[in-house]
>>> print(open('entry-v7.cif').read())   # mmCIF, N, CA and C atoms
data_entry
#
loop_
_atom_site.label_atom_id
_atom_site.label_comp_id
_atom_site.auth_asym_id
_atom_site.auth_seq_id
_atom_site.Cartn_x
_atom_site.Cartn_y
_atom_site.Cartn_z
N MET D 91 -96.78 -6.24 -15.87
CA MET D 91 -95.78 -6.11 -16.90
C MET D 91 -94.51 -5.50 -16.31
N ASN D 92 -93.39 -6.14 -16.56
CA ASN D 92 -92.11 -5.67 -16.05
C ASN D 92 -91.50 -4.70 -17.05
N THR D 93 -91.32 -3.45 -16.64
CA THR D 93 -90.73 -2.43 -17.53
C THR D 93 -89.28 -2.16 -17.19
N SER D 94 -88.73 -2.93 -16.26
CA SER D 94 -87.35 -2.73 -15.85
C SER D 94 -86.40 -3.29 -16.91
N ASN D 95 -85.32 -2.59 -17.15
CA ASN D 95 -84.30 -3.04 -18.09
C ASN D 95 -83.18 -3.83 -17.41
N THR D 96 -83.29 -4.01 -16.11
CA THR D 96 -82.25 -4.74 -15.39
C THR D 96 -82.62 -6.20 -15.28
N THR D 97 -81.62 -7.04 -15.21
CA THR D 97 -81.85 -8.47 -15.03
C THR D 97 -81.19 -8.90 -13.73
N THR D 98 -81.73 -9.90 -13.13
CA THR D 98 -81.20 -10.42 -11.90
C THR D 98 -80.42 -11.69 -12.21
N SER D 99 -79.20 -11.75 -11.75
CA SER D 99 -78.36 -12.90 -11.99
C SER D 99 -78.36 -13.78 -10.74
N THR D 100 -78.48 -15.07 -10.95
CA THR D 100 -78.42 -15.99 -9.83
C THR D 100 -77.01 -16.55 -9.66
N THR D 101 -76.11 -16.18 -10.56
CA THR D 101 -74.73 -16.62 -10.46
C THR D 101 -74.05 -15.82 -9.37
N PRO D 102 -73.47 -16.48 -8.37
CA PRO D 102 -72.80 -15.71 -7.31
C PRO D 102 -71.55 -15.01 -7.84
N ARG D 103 -71.33 -13.83 -7.35
CA ARG D 103 -70.15 -13.07 -7.74
C ARG D 103 -68.98 -13.49 -6.87
N PRO D 104 -67.78 -13.53 -7.47
CA PRO D 104 -66.60 -13.87 -6.66
C PRO D 104 -66.27 -12.72 -5.71
N PRO D 105 -65.68 -13.00 -4.58
CA PRO D 105 -65.29 -11.92 -3.68
C PRO D 105 -64.22 -11.04 -4.33
N LEU D 106 -64.25 -9.75 -4.03
CA LEU D 106 -63.27 -8.83 -4.60
C LEU D 106 -61.84 -9.25 -4.29
N SER D 107 -61.64 -9.88 -3.15
CA SER D 107 -60.29 -10.30 -2.77
C SER D 107 -59.74 -11.35 -3.73
N SER D 108 -60.60 -12.00 -4.50
CA SER D 108 -60.11 -12.97 -5.48
C SER D 108 -59.83 -12.32 -6.83
N ILE D 109 -60.23 -11.07 -6.98
CA ILE D 109 -60.05 -10.35 -8.24
C ILE D 109 -58.95 -9.29 -8.13
N LEU D 110 -58.99 -8.52 -7.04
CA LEU D 110 -58.02 -7.44 -6.85
C LEU D 110 -56.72 -7.98 -6.28
N PRO D 111 -55.61 -7.37 -6.63
CA PRO D 111 -54.34 -7.78 -6.03
C PRO D 111 -54.32 -7.40 -4.55
N PRO D 112 -53.45 -8.04 -3.77
CA PRO D 112 -53.43 -7.78 -2.33
C PRO D 112 -52.90 -6.40 -1.96
N LEU D 113 -52.15 -5.76 -2.87
CA LEU D 113 -51.59 -4.44 -2.57
C LEU D 113 -51.87 -3.51 -3.74
N ILE D 114 -52.39 -2.32 -3.43
CA ILE D 114 -52.74 -1.33 -4.44
C ILE D 114 -52.01 -0.03 -4.11
N PHE D 115 -51.41 0.57 -5.11
CA PHE D 115 -50.66 1.83 -4.95
C PHE D 115 -51.66 2.99 -5.01
N GLY D 116 -51.79 3.73 -3.93
CA GLY D 116 -52.69 4.88 -3.89
C GLY D 116 -52.00 6.14 -4.38
N THR D 117 -52.71 6.94 -5.15
CA THR D 117 -52.10 8.16 -5.71
C THR D 117 -52.73 9.43 -5.15
N ALA D 118 -53.39 9.34 -4.02
CA ALA D 118 -54.00 10.54 -3.43
C ALA D 118 -52.96 11.60 -3.10
N THR D 119 -51.73 11.17 -2.85
CA THR D 119 -50.68 12.15 -2.51
C THR D 119 -50.14 12.88 -3.73
N PHE D 120 -50.60 12.50 -4.92
CA PHE D 120 -50.19 13.21 -6.14
C PHE D 120 -51.06 14.46 -6.32
N ASN D 121 -51.30 15.19 -5.25
CA ASN D 121 -52.09 16.41 -5.35
C ASN D 121 -51.58 17.45 -4.37
N SER D 122 -52.10 18.65 -4.47
CA SER D 122 -51.59 19.78 -3.68
C SER D 122 -52.06 19.75 -2.23
N GLN D 123 -52.95 18.86 -1.85
CA GLN D 123 -53.33 18.74 -0.44
C GLN D 123 -52.20 18.11 0.36
N TYR D 124 -51.39 17.29 -0.28
CA TYR D 124 -50.28 16.61 0.38
C TYR D 124 -48.92 17.17 -0.02
N ASN D 125 -48.81 17.72 -1.20
CA ASN D 125 -47.54 18.23 -1.71
C ASN D 125 -47.74 19.60 -2.33
N THR D 126 -46.85 20.50 -2.01
CA THR D 126 -46.95 21.88 -2.52
C THR D 126 -47.02 21.90 -4.04
N ASP D 127 -46.17 21.11 -4.68
CA ASP D 127 -46.16 21.05 -6.14
C ASP D 127 -46.14 19.58 -6.57
N PRO D 128 -47.31 18.98 -6.78
CA PRO D 128 -47.34 17.56 -7.15
C PRO D 128 -46.63 17.27 -8.47
N TYR D 129 -46.50 18.27 -9.32
CA TYR D 129 -45.79 18.06 -10.60
C TYR D 129 -44.29 17.92 -10.39
N ALA D 130 -43.79 18.32 -9.22
CA ALA D 130 -42.37 18.19 -8.91
C ALA D 130 -42.03 16.81 -8.34
N LEU D 131 -43.04 16.02 -8.01
CA LEU D 131 -42.80 14.68 -7.49
C LEU D 131 -42.18 13.79 -8.56
N ASP D 132 -41.39 12.84 -8.13
CA ASP D 132 -40.82 11.87 -9.06
C ASP D 132 -41.83 10.74 -9.28
N THR D 133 -42.95 11.08 -9.90
CA THR D 133 -44.00 10.08 -10.11
C THR D 133 -43.54 8.96 -11.03
N VAL D 134 -42.71 9.27 -12.01
CA VAL D 134 -42.18 8.23 -12.90
C VAL D 134 -41.35 7.24 -12.08
N GLY D 135 -40.48 7.75 -11.23
CA GLY D 135 -39.65 6.89 -10.40
C GLY D 135 -40.48 6.06 -9.43
N LEU D 136 -41.49 6.69 -8.82
CA LEU D 136 -42.36 5.97 -7.89
C LEU D 136 -43.12 4.85 -8.58
N VAL D 137 -43.68 5.15 -9.73
CA VAL D 137 -44.45 4.15 -10.47
C VAL D 137 -43.54 3.04 -10.99
N LYS D 138 -42.38 3.41 -11.47
CA LYS D 138 -41.43 2.40 -11.95
C LYS D 138 -41.05 1.45 -10.82
N GLN D 139 -40.74 1.99 -9.67
CA GLN D 139 -40.35 1.15 -8.53
C GLN D 139 -41.53 0.29 -8.07
N ALA D 140 -42.72 0.85 -8.06
CA ALA D 140 -43.90 0.07 -7.69
C ALA D 140 -44.07 -1.11 -8.63
N LEU D 141 -43.94 -0.88 -9.93
CA LEU D 141 -44.06 -1.97 -10.90
C LEU D 141 -42.96 -3.01 -10.70
N GLU D 142 -41.75 -2.55 -10.41
CA GLU D 142 -40.64 -3.48 -10.16
C GLU D 142 -40.90 -4.35 -8.93
N PHE D 143 -41.62 -3.80 -7.96
CA PHE D 143 -41.95 -4.55 -6.74
C PHE D 143 -43.21 -5.38 -6.89
N GLY D 144 -43.79 -5.39 -8.09
CA GLY D 144 -44.93 -6.25 -8.35
C GLY D 144 -46.29 -5.61 -8.19
N ILE D 145 -46.35 -4.31 -7.96
CA ILE D 145 -47.64 -3.63 -7.87
C ILE D 145 -48.28 -3.65 -9.25
N ARG D 146 -49.53 -4.05 -9.32
CA ARG D 146 -50.23 -4.14 -10.60
C ARG D 146 -51.57 -3.39 -10.60
N ALA D 147 -51.84 -2.65 -9.52
CA ALA D 147 -53.08 -1.87 -9.45
C ALA D 147 -52.79 -0.52 -8.82
N PHE D 148 -53.43 0.49 -9.35
CA PHE D 148 -53.25 1.86 -8.87
C PHE D 148 -54.62 2.46 -8.58
N ASP D 149 -54.74 3.11 -7.44
CA ASP D 149 -55.99 3.78 -7.06
C ASP D 149 -55.84 5.26 -7.36
N THR D 150 -56.78 5.79 -8.12
CA THR D 150 -56.76 7.21 -8.42
C THR D 150 -58.20 7.70 -8.56
N SER D 151 -58.35 9.00 -8.60
CA SER D 151 -59.68 9.59 -8.66
C SER D 151 -59.56 11.02 -9.18
N PRO D 152 -60.59 11.51 -9.86
CA PRO D 152 -60.56 12.92 -10.26
C PRO D 152 -60.54 13.85 -9.05
N TYR D 153 -60.92 13.34 -7.89
CA TYR D 153 -60.90 14.15 -6.67
C TYR D 153 -59.50 14.26 -6.08
N TYR D 154 -58.54 13.55 -6.65
CA TYR D 154 -57.15 13.61 -6.18
C TYR D 154 -56.35 14.64 -6.97
N GLY D 155 -56.99 15.67 -7.45
CA GLY D 155 -56.27 16.70 -8.19
C GLY D 155 -55.68 16.14 -9.47
N PRO D 156 -54.41 16.43 -9.75
CA PRO D 156 -53.81 15.99 -11.00
C PRO D 156 -53.29 14.54 -10.96
N SER D 157 -53.71 13.74 -9.99
CA SER D 157 -53.15 12.39 -9.85
C SER D 157 -53.39 11.53 -11.08
N GLU D 158 -54.56 11.62 -11.70
CA GLU D 158 -54.82 10.81 -12.89
C GLU D 158 -53.88 11.20 -14.03
N GLU D 159 -53.68 12.50 -14.20
CA GLU D 159 -52.78 12.99 -15.24
C GLU D 159 -51.34 12.55 -14.97
N LEU D 160 -50.90 12.70 -13.73
CA LEU D 160 -49.53 12.34 -13.37
C LEU D 160 -49.31 10.83 -13.47
N LEU D 161 -50.27 10.04 -13.01
CA LEU D 161 -50.15 8.59 -13.11
C LEU D 161 -50.15 8.15 -14.57
N GLY D 162 -51.03 8.73 -15.37
CA GLY D 162 -51.08 8.39 -16.79
C GLY D 162 -49.77 8.70 -17.49
N ALA D 163 -49.19 9.86 -17.19
CA ALA D 163 -47.91 10.22 -17.80
C ALA D 163 -46.80 9.27 -17.35
N ALA D 164 -46.82 8.89 -16.10
CA ALA D 164 -45.80 7.96 -15.59
C ALA D 164 -45.94 6.59 -16.25
N LEU D 165 -47.16 6.10 -16.36
CA LEU D 165 -47.38 4.80 -16.98
C LEU D 165 -47.08 4.81 -18.47
N ASN D 166 -47.14 5.97 -19.09
CA ASN D 166 -46.87 6.11 -20.51
C ASN D 166 -45.37 6.22 -20.82
N THR D 167 -44.55 6.18 -19.79
CA THR D 167 -43.11 6.32 -19.95
C THR D 167 -42.49 4.98 -20.34
N ASP D 168 -41.49 5.04 -21.22
CA ASP D 168 -40.70 3.84 -21.52
C ASP D 168 -39.68 3.67 -20.41
N PHE D 169 -39.86 2.67 -19.58
CA PHE D 169 -38.96 2.48 -18.44
C PHE D 169 -37.67 1.87 -18.90
#
>>> encode(input="entry-v7.cif", output="structure tokens")
Amino acid sequence: MNTSNTTTSTTPRPPLSSILPPLIFGTATFNSQYNTDPYALDTVGLVKQALEFGIRAFDTSPYYGPSEELLGAALNTDF
């Protein structure tokens, strides 16, 4: 008797390179390990320029200090 709740799919998954954009904006520098005061960074300006240049993906993590908060606030701005 199989008690597992997982199912095995025989459909092949597409490679990540076909799903993710070729360039991703990393936000690890939005923390105090790289900058004395990450809140003083022009994150709105950086994100705005990234979007203008066609960046459509951002890498962030709770391990990057306040990067998620700063990126969220920048993305929530009316450009």
>>> residues_around(input="entry-v7.cif", residues="D:Thr150", least_positions_apart="6", cutoff="9 Å", atoms="only C-alpha atoms", output="count of residues only")
7
>>> select_by_dssp(input="entry-v7.cif", residues="chain D", states="strand (DSSP E)", output="VMD selection string")
chain D and resid 115 to 116 148 to 149
>>> atom_distance(input="entry-v7.cif", atom1="atom CA of D:Thr119", atom2="atom CA of D:Ile145")
16.9 Å
>>> atom_distance(input="entry-v7.cif", atom1="atom CA of D:Pro105", atom2="atom CA of D:Ala147")
16.8 Å
>>> resolve_selection(input="entry-v7.cif", expression="the PyMOL selection byres (((chain D and resi 127-129 and name CA) around 12) and name CA)", output="PyMOL selection string")
chain D and resi 117-126+130-134+154-161+163-164
>>> resolve_selection(input="entry-v7.cif", expression="the PyMOL selection byres (((chain D and resi 111 and name CA) around 12) and name CA)", output="list in words")
Pro105, Leu106, Ser107, Ser108, Ile109, Leu110, Pro112, Leu113, Ile114, Phe115, Gly144, Ile145, Arg146, Ala147, Phe148 and Asp149 of chain D
>>> write_last_selection(input="entry-v7.cif", atoms="N, CA and C atoms", output="short mmCIF file (atom, residue, chain, number, x, y, z; two decimals), in the frame of the given file")
data_model
loop_
_atom_site.label_atom_id
_atom_site.label_comp_id
_atom_site.auth_asym_id
_atom_site.auth_seq_id
_atom_site.Cartn_x
_atom_site.Cartn_y
_atom_site.Cartn_z
N PRO D 105 -65.68 -13.00 -4.58
CA PRO D 105 -65.29 -11.92 -3.68
C PRO D 105 -64.22 -11.04 -4.33
N LEU D 106 -64.25 -9.75 -4.03
CA LEU D 106 -63.27 -8.83 -4.60
C LEU D 106 -61.84 -9.25 -4.29
N SER D 107 -61.64 -9.88 -3.15
CA SER D 107 -60.29 -10.30 -2.77
C SER D 107 -59.74 -11.35 -3.73
N SER D 108 -60.60 -12.00 -4.50
CA SER D 108 -60.11 -12.97 -5.48
C SER D 108 -59.83 -12.32 -6.83
N ILE D 109 -60.23 -11.07 -6.98
CA ILE D 109 -60.05 -10.35 -8.24
C ILE D 109 -58.95 -9.29 -8.13
N LEU D 110 -58.99 -8.52 -7.04
CA LEU D 110 -58.02 -7.44 -6.85
C LEU D 110 -56.72 -7.98 -6.28
N PRO D 112 -53.45 -8.04 -3.77
CA PRO D 112 -53.43 -7.78 -2.33
C PRO D 112 -52.90 -6.40 -1.96
N LEU D 113 -52.15 -5.76 -2.87
CA LEU D 113 -51.59 -4.44 -2.57
C LEU D 113 -51.87 -3.51 -3.74
N ILE D 114 -52.39 -2.32 -3.43
CA ILE D 114 -52.74 -1.33 -4.44
C ILE D 114 -52.01 -0.03 -4.11
N PHE D 115 -51.41 0.57 -5.11
CA PHE D 115 -50.66 1.83 -4.95
C PHE D 115 -51.66 2.99 -5.01
N GLY D 144 -43.79 -5.39 -8.09
CA GLY D 144 -44.93 -6.25 -8.35
C GLY D 144 -46.29 -5.61 -8.19
N ILE D 145 -46.35 -4.31 -7.96
CA ILE D 145 -47.64 -3.63 -7.87
C ILE D 145 -48.28 -3.65 -9.25
N ARG D 146 -49.53 -4.05 -9.32
CA ARG D 146 -50.23 -4.14 -10.60
C ARG D 146 -51.57 -3.39 -10.60
N ALA D 147 -51.84 -2.65 -9.52
CA ALA D 147 -53.08 -1.87 -9.45
C ALA D 147 -52.79 -0.52 -8.82
N PHE D 148 -53.43 0.49 -9.35
CA PHE D 148 -53.25 1.86 -8.87
C PHE D 148 -54.62 2.46 -8.58
N ASP D 149 -54.74 3.11 -7.44
CA ASP D 149 -55.99 3.78 -7.06
C ASP D 149 -55.84 5.26 -7.36
#
>>> atom_distance(input="entry-v7.cif", atom1="atom CA of D:Ser151", atom2="atom CA of D:Val137")
16.3 Å
